[in-house]
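Peer 1: The following file, work_34.tsv, comprises TSV, C-alpha atoms:
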chain	number	residue	atom	x	y	z
A	1	ARG	CA	184.33	226.14	93.95
A	2	ARG	CA	185.55	223.11	95.87
A	3	PRO	CA	182.66	221.32	97.62
A	4	PRO	CA	182.72	221.46	101.43
A	5	GLY	CA	184.60	218.62	103.09
A	6	PRO	CA	187.70	217.86	105.12
A	7	ALA	CA	190.57	220.24	104.59
A	8	PRO	CA	193.40	218.94	102.41
A	9	PRO	CA	196.60	217.85	104.14
A	10	GLY	CA	198.87	220.68	105.17
A	11	PRO	CA	202.11	221.45	103.29
A	12	ALA	CA	204.23	219.70	105.94
A	13	LEU	CA	202.18	216.49	105.65
A	14	MET	CA	202.06	216.55	101.83
A	15	SER	CA	205.80	217.14	101.48
A	16	GLY	CA	206.76	214.68	104.22
A	17	VAL	CA	208.41	217.44	106.30
A	18	PRO	CA	208.49	216.41	109.99
A	19	THR	CA	206.65	218.51	112.53
A	20	ALA	CA	208.42	220.53	115.23
A	21	ALA	CA	207.57	217.88	117.85
A	22	GLU	CA	209.03	215.12	115.66
A	23	VAL	CA	212.21	217.12	115.08
A	24	GLU	CA	212.55	217.75	118.82
A	25	LEU	CA	212.07	214.04	119.56
A	26	SER	CA	214.63	213.07	116.93
A	27	GLU	CA	217.19	215.53	118.32
A	28	GLU	CA	216.61	214.21	121.84
A	29	LYS	CA	217.25	210.63	120.69
A	30	LYS	CA	220.47	211.72	118.98
A	31	ARG	CA	221.57	213.53	122.16
A	32	ILE	CA	220.98	210.40	124.25
A	33	ARG	CA	222.91	208.23	121.78
A	34	ARG	CA	225.86	210.66	121.86
A	35	LEU	CA	225.72	210.84	125.66
A	36	PHE	CA	225.92	207.08	126.16
A	37	ALA	CA	228.50	206.67	123.41
A	38	GLU	CA	230.73	209.00	125.46
A	39	LYS	CA	230.04	207.00	128.63
A	40	LYS	CA	230.97	203.73	126.91
A	41	LEU	CA	234.10	205.35	125.47
A	42	LYS	CA	235.33	206.01	129.03
A	43	ILE	CA	235.47	202.23	129.46
A	44	THR	CA	236.54	200.98	126.03
A	45	LYS	CA	239.21	203.67	125.62
A	46	TYR	CA	241.42	202.05	128.26
A	47	GLN	CA	240.39	198.40	128.01
A	48	HIS	CA	243.66	197.40	126.33
A	49	GLN	CA	245.72	198.62	129.30
A	50	HIS	CA	247.08	196.42	132.11
A	51	ASN	CA	249.73	196.52	134.83
A	52	GLN	CA	252.54	195.70	132.37
A	53	ASP	CA	251.63	198.79	130.35
A	54	PRO	CA	253.32	202.06	131.49
A	55	ALA	CA	250.22	204.00	130.39
A	56	TRP	CA	248.14	202.19	133.03
A	57	PHE	CA	250.29	203.69	135.80
A	58	ARG	CA	249.83	207.25	134.52
A	59	HIS	CA	246.22	207.45	135.70
A	60	LYS	CA	245.84	209.49	138.86
A	61	LYS	CA	243.29	207.21	140.53
A	62	HIS	CA	242.54	203.50	140.20
A	63	VAL	CA	239.73	201.56	141.81
A	64	LEU	CA	240.18	197.78	141.83
A	65	ILE	CA	237.69	195.22	143.14
A	66	CYS	CA	238.24	191.49	143.53
A	67	SER	CA	236.86	188.58	145.51
A	68	TRP	CA	238.65	187.05	148.48
A	69	ALA	CA	239.87	184.32	146.11
A	70	GLY	CA	241.53	186.95	143.91
A	71	ARG	CA	238.85	186.78	141.19
A	72	PRO	CA	238.65	190.15	139.33
A	73	ILE	CA	235.33	191.99	139.64
A	74	PHE	CA	236.00	195.55	138.44
A	75	SER	CA	238.80	197.90	137.41
A	76	ARG	CA	238.25	201.55	136.61
A	77	TYR	CA	240.97	201.36	133.94
A	78	GLY	CA	242.14	198.36	131.96
A	79	ASP	CA	240.92	194.85	131.34
A	80	GLU	CA	240.08	192.97	134.56
A	81	SER	CA	241.18	189.65	133.03
A	82	LYS	CA	244.64	191.03	132.23
A	83	LEU	CA	244.86	192.42	135.76
A	84	ALA	CA	244.04	189.07	137.40
A	85	ALA	CA	247.60	188.50	138.65
A	86	TYR	CA	247.78	192.06	140.05
A	87	MET	CA	244.48	191.59	141.88
A	88	GLY	CA	245.73	188.25	143.17
A	89	VAL	CA	248.60	190.10	144.84
A	90	ILE	CA	246.15	192.56	146.41
A	91	SER	CA	244.05	189.68	147.73
A	92	ALA	CA	247.18	188.03	149.15
A	93	ILE	CA	248.25	191.24	150.95
A	94	ILE	CA	244.84	191.59	152.62
A	95	SER	CA	244.71	187.88	153.52
A	96	ASN	CA	248.18	188.00	155.10
A	97	PHE	CA	247.11	190.83	157.40
A	98	GLN	CA	243.94	188.92	158.29
A	99	ARG	CA	245.99	185.82	159.18
A	100	CYS	CA	247.83	188.02	161.65
A	101	LYS	CA	244.43	189.06	163.04
A	102	ASP	CA	244.82	192.56	161.67
A	103	ASN	CA	243.27	194.61	158.87
A	104	VAL	CA	245.25	196.71	156.44
A	105	ARG	CA	243.63	200.12	156.07
A	106	SER	CA	246.09	202.14	153.98
A	107	LEU	CA	249.64	202.23	152.67
A	108	VAL	CA	251.75	205.04	151.27
A	109	ALA	CA	254.35	204.40	148.57
A	110	GLY	CA	255.98	207.56	147.24
A	111	ARG	CA	253.25	209.79	145.77
A	112	HIS	CA	250.67	206.99	145.81
A	113	LYS	CA	248.19	206.24	148.56
A	114	PHE	CA	246.62	202.77	148.76
A	115	VAL	CA	243.32	202.56	150.66
A	116	PHE	CA	241.78	199.13	151.35
A	117	SER	CA	238.22	198.19	152.21
A	118	VAL	CA	237.08	194.68	153.11
A	119	GLU	CA	233.34	194.04	152.64
A	120	GLY	CA	232.96	190.36	153.53
A	121	PRO	CA	234.33	188.37	150.59
A	122	ILE	CA	234.68	191.49	148.41
A	123	TYR	CA	237.98	193.40	148.53
A	124	LEU	CA	238.15	196.98	147.27
A	125	VAL	CA	241.30	199.09	146.77
A	126	ALA	CA	241.72	202.72	145.75
A	127	ILE	CA	245.15	203.82	144.50
A	128	SER	CA	245.54	207.57	144.17
A	129	CYS	CA	248.25	210.15	143.60
A	130	ALA	CA	245.76	213.04	143.36
A	131	GLY	CA	246.19	214.19	146.97
A	132	GLU	CA	242.86	212.81	148.21
A	133	SER	CA	242.52	211.94	151.88
A	134	GLU	CA	242.17	208.40	153.15
A	135	ARG	CA	238.66	209.20	154.40
A	136	HIS	CA	237.54	210.51	151.00
A	137	LEU	CA	238.91	207.46	149.18
A	138	ARG	CA	237.26	205.13	151.70
A	139	LEU	CA	233.89	206.84	151.19
A	140	GLN	CA	234.26	206.25	147.45
A	141	LEU	CA	234.95	202.56	148.01
A	142	ASP	CA	231.91	202.33	150.29
A	143	VAL	CA	229.58	203.81	147.71
A	144	VAL	CA	231.00	201.65	144.89
A	145	HIS	CA	230.40	198.56	147.04
A	146	SER	CA	226.84	199.78	147.68
A	147	GLN	CA	226.37	200.10	143.92
A	148	ILE	CA	227.29	196.43	143.53
A	149	ILE	CA	224.77	195.53	146.24
A	150	SER	CA	222.10	197.63	144.50
A	151	ILE	CA	222.53	195.46	141.41
A	152	LEU	CA	223.04	192.00	142.97
A	153	THR	CA	221.69	192.43	146.56
A	154	GLY	CA	223.62	191.45	149.68
A	155	SER	CA	223.11	187.77	148.88
A	156	ILE	CA	226.13	188.02	146.57
A	157	HIS	CA	228.31	187.81	149.71
A	158	ASN	CA	226.93	184.35	150.51
A	159	THR	CA	227.42	183.29	146.89
A	160	LEU	CA	231.12	184.25	146.98
A	161	ARG	CA	231.67	182.61	150.37
A	162	ASN	CA	230.16	179.34	149.13
A	163	ARG	CA	231.74	179.50	145.66
A	164	PRO	CA	235.05	181.41	145.95
A	165	GLN	CA	235.94	180.98	142.25
A	166	TYR	CA	232.59	182.26	140.99
A	167	ASP	CA	232.91	185.08	138.44
A	168	ILE	CA	230.18	187.62	139.19
A	169	ARG	CA	231.01	189.87	136.24
A	170	GLY	CA	228.51	187.95	134.11
A	171	LEU	CA	225.74	188.94	136.52
A	172	MET	CA	226.69	192.62	136.46
A	173	GLY	CA	226.98	193.28	132.72
A	174	GLU	CA	228.05	196.41	130.84
A	175	THR	CA	225.54	198.68	132.58
A	176	ALA	CA	227.10	197.97	135.99
A	177	GLU	CA	230.52	198.92	134.62
A	178	ILE	CA	229.13	202.23	133.36
A	179	LEU	CA	227.37	202.86	136.69
A	180	MET	CA	230.51	202.35	138.75
A	181	THR	CA	232.74	204.30	136.35
A	182	GLU	CA	230.34	207.27	136.38
A	183	LEU	CA	229.95	207.06	140.15
A	184	ILE	CA	233.72	207.24	140.69
A	185	SER	CA	234.03	210.15	138.24
A	186	SER	CA	231.25	212.05	140.04
A	187	CYS	CA	233.20	211.86	143.32
A	188	ASN	CA	235.65	214.43	141.97
A	189	LEU	CA	232.91	216.73	140.67
A	190	SER	CA	230.30	216.74	143.42
A	191	PRO	CA	230.44	216.92	147.24
A	192	ALA	CA	227.35	214.67	147.49
A	193	ILE	CA	229.16	211.51	148.60
A	194	GLU	CA	231.47	213.37	151.00
A	195	MET	CA	228.58	215.24	152.63
A	196	LYS	CA	225.96	212.45	152.24
A	197	CYS	CA	223.54	214.74	150.49
A	198	VAL	CA	222.08	215.41	147.05
A	199	THR	CA	221.81	218.54	144.92
A	200	CYS	CA	218.30	219.98	144.61
A	201	LEU	CA	217.03	221.81	141.55
A	202	ARG	CA	216.70	225.56	142.09
A	203	LEU	CA	212.94	226.03	142.14
A	204	GLU	CA	210.43	228.44	143.66
A	205	SER	CA	209.03	227.04	146.91
A	206	GLU	CA	205.41	227.39	145.72
A	207	CYS	CA	206.11	225.26	142.65
A	208	ARG	CA	208.02	222.65	144.66
A	209	ASP	CA	205.13	222.43	147.15
A	210	ARG	CA	202.62	221.90	144.34
A	211	VAL	CA	204.79	219.18	142.79
A	212	ALA	CA	205.07	217.45	146.18
A	213	THR	CA	201.29	217.64	146.61
A	214	THR	CA	200.78	216.15	143.13
A	215	LEU	CA	203.14	213.26	143.87
A	216	SER	CA	201.55	212.51	147.24
A	217	THR	CA	197.99	212.73	145.91
A	218	HIS	CA	198.43	210.23	143.07
A	219	ARG	CA	199.74	206.91	144.40
A	220	THR	CA	199.05	203.21	144.83
A	221	LYS	CA	198.57	201.22	148.02
A	222	ASN	CA	202.04	199.65	147.91
A	223	LEU	CA	204.00	202.70	146.79
A	224	LEU	CA	207.10	203.32	148.91
A	225	PHE	CA	208.73	206.36	147.27
A	226	ALA	CA	208.00	208.79	144.45
A	227	VAL	CA	211.09	210.60	143.15
A	228	LEU	CA	211.15	213.36	140.53
A	229	LEU	CA	214.65	214.01	139.18
A	230	ALA	CA	216.11	216.58	136.81
A	231	GLY	CA	219.24	214.75	135.74
A	232	GLN	CA	221.45	214.55	138.83
A	233	GLN	CA	219.30	217.09	140.71
A	234	LEU	CA	216.36	216.32	142.97
A	235	VAL	CA	213.08	218.10	142.23
A	236	SER	CA	210.85	216.39	144.79
A	237	LEU	CA	210.76	213.23	146.93
A	238	ILE	CA	207.72	211.72	148.59
A	239	ARG	CA	207.95	209.04	151.25
A	240	ILE	CA	204.62	207.29	151.37
A	241	ARG	CA	205.11	204.66	154.08
A	242	ASP	CA	207.31	204.36	157.17
A	243	LYS	CA	210.46	203.75	155.10
A	244	ILE	CA	213.21	206.37	154.85
A	245	LEU	CA	215.19	206.87	151.64
A	246	ASP	CA	218.71	207.45	152.92
A	247	PRO	CA	220.78	210.03	150.96
A	248	SER	CA	223.28	207.30	150.02
A	249	ASP	CA	220.44	205.23	148.52
A	250	LEU	CA	219.18	208.30	146.68
A	251	ILE	CA	222.66	208.86	145.20
A	252	LEU	CA	222.67	205.25	143.94
A	253	LEU	CA	219.16	205.66	142.52
A	254	MET	CA	220.08	208.89	140.71
A	255	ASN	CA	223.18	207.24	139.26
A	256	PHE	CA	221.15	204.21	138.17
A	257	VAL	CA	218.36	206.22	136.52
A	258	ASN	CA	220.62	208.64	134.66
A	259	ASN	CA	223.28	206.18	133.52
A	260	SER	CA	221.18	203.22	132.33
A	261	GLN	CA	220.51	203.56	128.63
A	262	SER	CA	217.73	200.94	128.70
A	263	LEU	CA	215.66	203.22	130.95
A	264	ARG	CA	215.64	205.95	128.29
A	265	SER	CA	213.65	203.95	125.73
A	266	GLY	CA	210.26	204.62	127.33
A	267	GLU	CA	208.56	203.25	130.42
A	268	ALA	CA	210.83	200.85	132.30
A	269	TRP	CA	210.07	198.32	135.03
A	270	THR	CA	213.18	197.13	136.85
A	271	PRO	CA	214.22	195.57	140.16
A	272	ILE	CA	216.68	197.50	142.30
A	273	CYS	CA	218.13	196.92	145.74
A	274	LEU	CA	218.32	199.93	148.07
A	275	PRO	CA	220.90	198.82	150.68
A	276	ASN	CA	219.62	201.05	153.49
A	277	VAL	CA	216.00	200.04	152.89
A	278	SER	CA	216.86	196.34	152.69
A	279	SER	CA	220.06	194.77	151.40
A	280	LYS	CA	218.47	191.29	151.29
A	281	GLY	CA	216.16	191.75	148.33
A	282	TYR	CA	214.77	193.95	145.58
A	283	VAL	CA	212.09	196.57	145.38
A	284	TRP	CA	210.53	197.43	142.02
A	285	ALA	CA	211.05	200.72	140.22
A	286	TYR	CA	208.84	202.20	137.51
A	287	VAL	CA	210.99	204.71	135.61
A	288	CYS	CA	209.76	207.10	132.94
A	289	PHE	CA	211.48	210.13	131.42
A	290	LEU	CA	208.76	212.76	131.08
A	291	LEU	CA	210.66	215.43	129.13
A	292	GLY	CA	214.37	215.48	128.35
A	293	ASP	CA	216.28	214.67	131.56
A	294	LEU	CA	213.19	215.06	133.78
A	295	SER	CA	212.40	211.58	135.12
A	296	LEU	CA	209.78	210.14	137.44
A	297	THR	CA	210.66	207.06	139.50
A	298	LEU	CA	207.95	205.26	141.46
A	299	ILE	CA	209.23	202.57	143.84
A	300	THR	CA	206.95	199.82	145.10
A	301	ALA	CA	207.17	196.57	147.01
A	302	ASP	CA	204.62	194.92	144.67
A	303	SER	CA	206.10	193.27	141.57
A	304	GLY	CA	202.66	193.32	139.91
A	305	ASP	CA	202.10	197.07	140.27
A	306	PHE	CA	203.31	198.10	136.80
A	307	VAL	CA	199.91	198.85	135.22
A	308	ASN	CA	198.75	200.79	138.29
A	309	LEU	CA	201.93	202.88	138.28
A	310	GLN	CA	201.47	203.60	134.57
A	311	GLU	CA	198.14	205.20	135.46
A	312	VAL	CA	199.72	207.09	138.38
A	313	LYS	CA	202.39	208.48	136.03
A	314	ARG	CA	199.70	209.59	133.54
A	315	ARG	CA	197.76	211.42	136.26
A	316	ILE	CA	200.91	213.10	137.62
A	317	PHE	CA	201.97	214.20	134.12
A	318	ASP	CA	198.50	215.57	133.35
A	319	GLN	CA	198.29	217.44	136.66
A	320	MET	CA	201.74	219.00	136.30
A	321	SER	CA	200.97	220.01	132.70
A	322	LYS	CA	197.62	221.50	133.69
A	323	ASN	CA	198.90	223.70	136.51
A	324	GLY	CA	202.04	224.78	134.62
A	325	ASP	CA	204.56	223.07	136.92
A	326	LEU	CA	206.00	221.00	134.08
A	327	SER	CA	207.04	224.06	132.07
A	328	THR	CA	208.31	225.78	135.24
A	329	VAL	CA	210.55	222.82	136.07
A	330	GLN	CA	211.79	222.69	132.46
A	331	LYS	CA	212.81	226.37	132.66
A	332	ALA	CA	214.54	225.74	135.99
A	333	ILE	CA	216.56	222.89	134.46
A	334	LYS	CA	217.95	225.26	131.84
A	335	ARG	CA	219.20	227.69	134.48
A	336	ARG	CA	222.83	227.65	135.55
A	337	VAL	CA	223.68	225.17	138.31
A	338	TRP	CA	225.00	226.69	141.53
A	339	THR	CA	228.69	226.12	142.20
A	340	ALA	CA	231.06	227.66	144.74
A	341	ALA	CA	232.44	229.93	142.00
A	342	SER	CA	229.00	231.03	140.78
A	343	LEU	CA	227.83	231.72	144.35
A	344	HIS	CA	230.85	234.00	144.86
A	345	THR	CA	230.04	235.81	141.61
A	346	GLU	CA	226.34	236.24	142.41
A	347	ILE	CA	226.96	237.50	145.94
A	348	TYR	CA	229.92	239.82	145.41
A	349	GLU	CA	229.58	241.15	141.87
Mind turning the file's structure into structure tokens?

Peer 2:
Amino acid sequence: RRPPGPAPPGPALMSGVPTAAEVELSEEKKRIRRLFAEKKLKITKYQHQHNQDPAWFRHKKHVLICSWAGRPIFSRYGDESKLAAYMGVISAIISNFQRCKDNVRSLVAGRHKFVFSVEGPIYLVAISCAGESERHLRLQLDVVHSQIISILTGSIHNTLRNRPQYDIRGLMGETAEILMTELISSCNLSPAIEMKCVTCLRLESECRDRVATTLSTHRTKNLLFAVLLAGQQLVSLIRIRDKILDPSDLILLMNFVNNSQSLRSGEAWTPICLPNVSSKGYVWAYVCFLLGDLSLTLITADSGDFVNLQEVKRRIFDQMSKNGDLSTVQKAIKRRVWTAASLHTEIYE
């Protein structure tokens, strides 16, 4: 007989076979890599195009952004550097109207509608032949401009006024390009920007109330907002102080959290500007993905609050696991999202 002692390693450990949790974690990492490879492909796929290329004109909607000096900032399709002359023409058109003490709002040329937006020294243009209204295109330009402000703050306007030839693309980086590309694409898929609202996760009211209580109970002195997201759907939002998180800011935050690959690697601590809270400076966001696409974002005014928010996240995770809300939310995420078509089916079938 074998003398009493610790049990020998299990078959999985002896053979080097990964556990179920390790397999699940590995599959999740592969899914995230595939997801962001597809997002980057949306940009790189068309980077060779420019306004001398017939393929560039076949796209149904363009969004172009430049400075008042004609410096390229962003193009939904194509290489901004190769479109510099085209953007220079756009800047000249807007400037000519301004010299006449007028503002150009929109133009129609055949099937194409040109909608212009002037945000200080930043000029934005949407060119569409998809039948979208001027109002809808202008709302898209407004939210794209807000996304730039969320990355660089409103002080970028002063920078461009003082240094007209300054190229701000170096400050924005690849992540900003992904954020704006995904934001524009979402405008055709969701009514959120048009209606100034967000989609909430379908969840029983008792569970949502418990989650809200958990978020409001565990906090720090300088916490401004606690936001629990399931991908692009809101699970719960807590406003701790007298600040209000405007729906447009929440849309920017959701886009930022879900489309920044660096935030997926673990706990992240990042500055972000929420234009309707304050466009002059940053607040600090602690972002952690709890399970899959379920993320917790804690926003504070204190840049030294990281360690405290780590502890807050641990307590929230433990409490939600203990009372079963974490598994309930995970099941709700897997349910079908409501759409106009699905509502018709559920009501009239």

Peer 1: Extract, using all atoms listed in the file, all DNA, RNA and protein residues at most 12 Å from stretch 304-321 of chain A, discarding same-chain residues fewer than 5 positions from it, and format them as a PDB file with C-alpha atoms, in the frame of the given file.

Peer 2:
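File produced: selection31.pdb:
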ATOM      1  CA  CYS A 207     206.110 225.260 142.650  1.00  0.00           C
ATOM      2  CA  ARG A 208     208.020 222.650 144.660  1.00  0.00           C
ATOM      3  CA  ASP A 209     205.130 222.430 147.150  1.00  0.00           C
ATOM      4  CA  ARG A 210     202.620 221.900 144.340  1.00  0.00           C
ATOM      5  CA  VAL A 211     204.790 219.180 142.790  1.00  0.00           C
ATOM      6  CA  ALA A 212     205.070 217.450 146.180  1.00  0.00           C
ATOM      7  CA  THR A 213     201.290 217.640 146.610  1.00  0.00           C
ATOM      8  CA  THR A 214     200.780 216.150 143.130  1.00  0.00           C
ATOM      9  CA  LEU A 215     203.140 213.260 143.870  1.00  0.00           C
ATOM     10  CA  SER A 216     201.550 212.510 147.240  1.00  0.00           C
ATOM     11  CA  THR A 217     197.990 212.730 145.910  1.00  0.00           C
ATOM     12  CA  HIS A 218     198.430 210.230 143.070  1.00  0.00           C
ATOM     13  CA  ARG A 219     199.740 206.910 144.400  1.00  0.00           C
ATOM     14  CA  THR A 220     199.050 203.210 144.830  1.00  0.00           C
ATOM     15  CA  LYS A 221     198.570 201.220 148.020  1.00  0.00           C
ATOM     16  CA  ASN A 222     202.040 199.650 147.910  1.00  0.00           C
ATOM     17  CA  LEU A 223     204.000 202.700 146.790  1.00  0.00           C
ATOM     18  CA  LEU A 224     207.100 203.320 148.910  1.00  0.00           C
ATOM     19  CA  PHE A 225     208.730 206.360 147.270  1.00  0.00           C
ATOM     20  CA  ALA A 226     208.000 208.790 144.450  1.00  0.00           C
ATOM     21  CA  VAL A 227     211.090 210.600 143.150  1.00  0.00           C
ATOM     22  CA  LEU A 228     211.150 213.360 140.530  1.00  0.00           C
ATOM     23  CA  GLY A 266     210.260 204.620 127.330  1.00  0.00           C
ATOM     24  CA  GLU A 267     208.560 203.250 130.420  1.00  0.00           C
ATOM     25  CA  ALA A 268     210.830 200.850 132.300  1.00  0.00           C
ATOM     26  CA  TRP A 269     210.070 198.320 135.030  1.00  0.00           C
ATOM     27  CA  THR A 270     213.180 197.130 136.850  1.00  0.00           C
ATOM     28  CA  PRO A 271     214.220 195.570 140.160  1.00  0.00           C
ATOM     29  CA  VAL A 283     212.090 196.570 145.380  1.00  0.00           C
ATOM     30  CA  TRP A 284     210.530 197.430 142.020  1.00  0.00           C
ATOM     31  CA  ALA A 285     211.050 200.720 140.220  1.00  0.00           C
ATOM     32  CA  TYR A 286     208.840 202.200 137.510  1.00  0.00           C
ATOM     33  CA  VAL A 287     210.990 204.710 135.610  1.00  0.00           C
ATOM     34  CA  CYS A 288     209.760 207.100 132.940  1.00  0.00           C
ATOM     35  CA  PHE A 289     211.480 210.130 131.420  1.00  0.00           C
ATOM     36  CA  LEU A 290     208.760 212.760 131.080  1.00  0.00           C
ATOM     37  CA  LEU A 291     210.660 215.430 129.130  1.00  0.00           C
ATOM     38  CA  LEU A 294     213.190 215.060 133.780  1.00  0.00           C
ATOM     39  CA  SER A 295     212.400 211.580 135.120  1.00  0.00           C
ATOM     40  CA  LEU A 296     209.780 210.140 137.440  1.00  0.00           C
ATOM     41  CA  THR A 297     210.660 207.060 139.500  1.00  0.00           C
ATOM     42  CA  LEU A 298     207.950 205.260 141.460  1.00  0.00           C
ATOM     43  CA  ILE A 299     209.230 202.570 143.840  1.00  0.00           C
ATOM     44  CA  LEU A 326     206.000 221.000 134.080  1.00  0.00           C
ATOM     45  CA  SER A 327     207.040 224.060 132.070  1.00  0.00           C
ATOM     46  CA  THR A 328     208.310 225.780 135.240  1.00  0.00           C
ATOM     47  CA  VAL A 329     210.550 222.820 136.070  1.00  0.00           C
ATOM     48  CA  GLN A 330     211.790 222.690 132.460  1.00  0.00           C
TER      49      GLN A 330
END

Peer 1: Which residue gives the smallest distance to A:Arg58 among A:Cys129, A:Met87, A:Leu253, A:Val104, with all atoms listed in the file counted?

Peer 2: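 Once distances to A:Arg58 are computed over all atoms listed in the file, the minimum belongs to A:Cys129.
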
Peer 1: Let me make sure I understand: among A:Cys100, A:Val144, A:Arg264, A:Ser67, which one has the smallest atom-to-atom distance to A:Asp293 if we use only C-alpha atoms?

Peer 2: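 Closest residue, counting only C-alpha atoms: A:Arg264.
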
Peer 1: Quick one: distance from atom CA of A:Leu263 to atom CA of A:Lys29 in Å, one decimal?

Peer 2: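 Atom-to-atom, atom CA of A:Leu263 and atom CA of A:Lys29 are spaced 12.8 Å apart.
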
Peer 1: Around (234.0, 181.6, 150.9), as given in the file, which residues come within 12 Å? Count only C-alpha atoms and list them as an NGL selection string.

Peer 2: :A and (67-70 or 120-122 or 156-166)

Peer 1: Pick out the residues sitting within 10 Å of A:Ser155, and hand them over as a list in words; count all atoms listed in the file, and ignore anything fewer than 6 positions along from it in its own chain.

Peer 2: Ile149, Ser279, Lys280 and Gly281 of chain A

Peer 1: Hey, which of A:Asn259, A:Tyr123, A:Ile244, A:Glu206 ends up closest to A:Gln232? Count all atoms listed in the file.

Peer 2: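 Looking at the shortest contact to A:Gln232, the residue is A:Asn259.
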
Peer 1: Just checking: using only C-alpha atoms, which residue out of A:Leu179, A:Ile272, A:Val143, A:Met172 ends up closest to A:Lys39?

Peer 2: A:Leu179

Peer 1: What does the distance from atom CA of A:Glu204 to atom CA of A:Leu250 come to in Å, to one decimal?

Peer 2: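 Interatomic distance, atom CA of A:Glu204 to atom CA of A:Leu250: 22.2 Å.
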
Peer 1: Using all atoms listed in the file, can you tell me which of A:Val235, A:Leu124, A:Ile184, A:Ile151 comes closest to A:Ile73?

Peer 2: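 Residue with the minimum atom-to-atom distance to A:Ile73: A:Leu124.
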
Peer 1: Between atom CA of A:Asn188 and atom CA of A:Phe116, what is the distance, to one decimal in Å?

Peer 2: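 Straight-line distance from atom CA of A:Asn188 to atom CA of A:Phe116 works out to 19.0 Å.
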
Peer 1: Which centre and edge lengths in Å to one decimal define the box along x, y and z that fits every listed atom of stretch 276-283 of chain A plus 6 Å per side, as JSON?

Peer 2:
{"center_x": 216.1, "center_y": 196.2, "center_z": 149.4, "size_x": 20.0, "size_y": 21.8, "size_z": 20.1}

Peer 1: Between A:Arg111, A:Arg76, A:Lys196, A:Arg202, which one has atoms that come closest to A:Leu183, using only C-alpha atoms?

Peer 2: A:Arg76

Peer 1: Write out, as a Markdown table, each residue of stretch 137-205 of chain A that has an atom at most 8 Å from stretch 40-44 of chain A, together with the closest pair of atoms and their distance in Å to one decimal, counting only C-alpha atoms, rows going by chain and rising number.

Peer 2:
| residue | atom | partner | partner_atom | distance |
| --- | --- | --- | --- | --- |
| A:Glu177 | CA | A:Ile43 | CA | 7.9 |
| A:Ile178 | CA | A:Lys40 | CA | 6.9 |
| A:Thr181 | CA | A:Ile43 | CA | 7.7 |
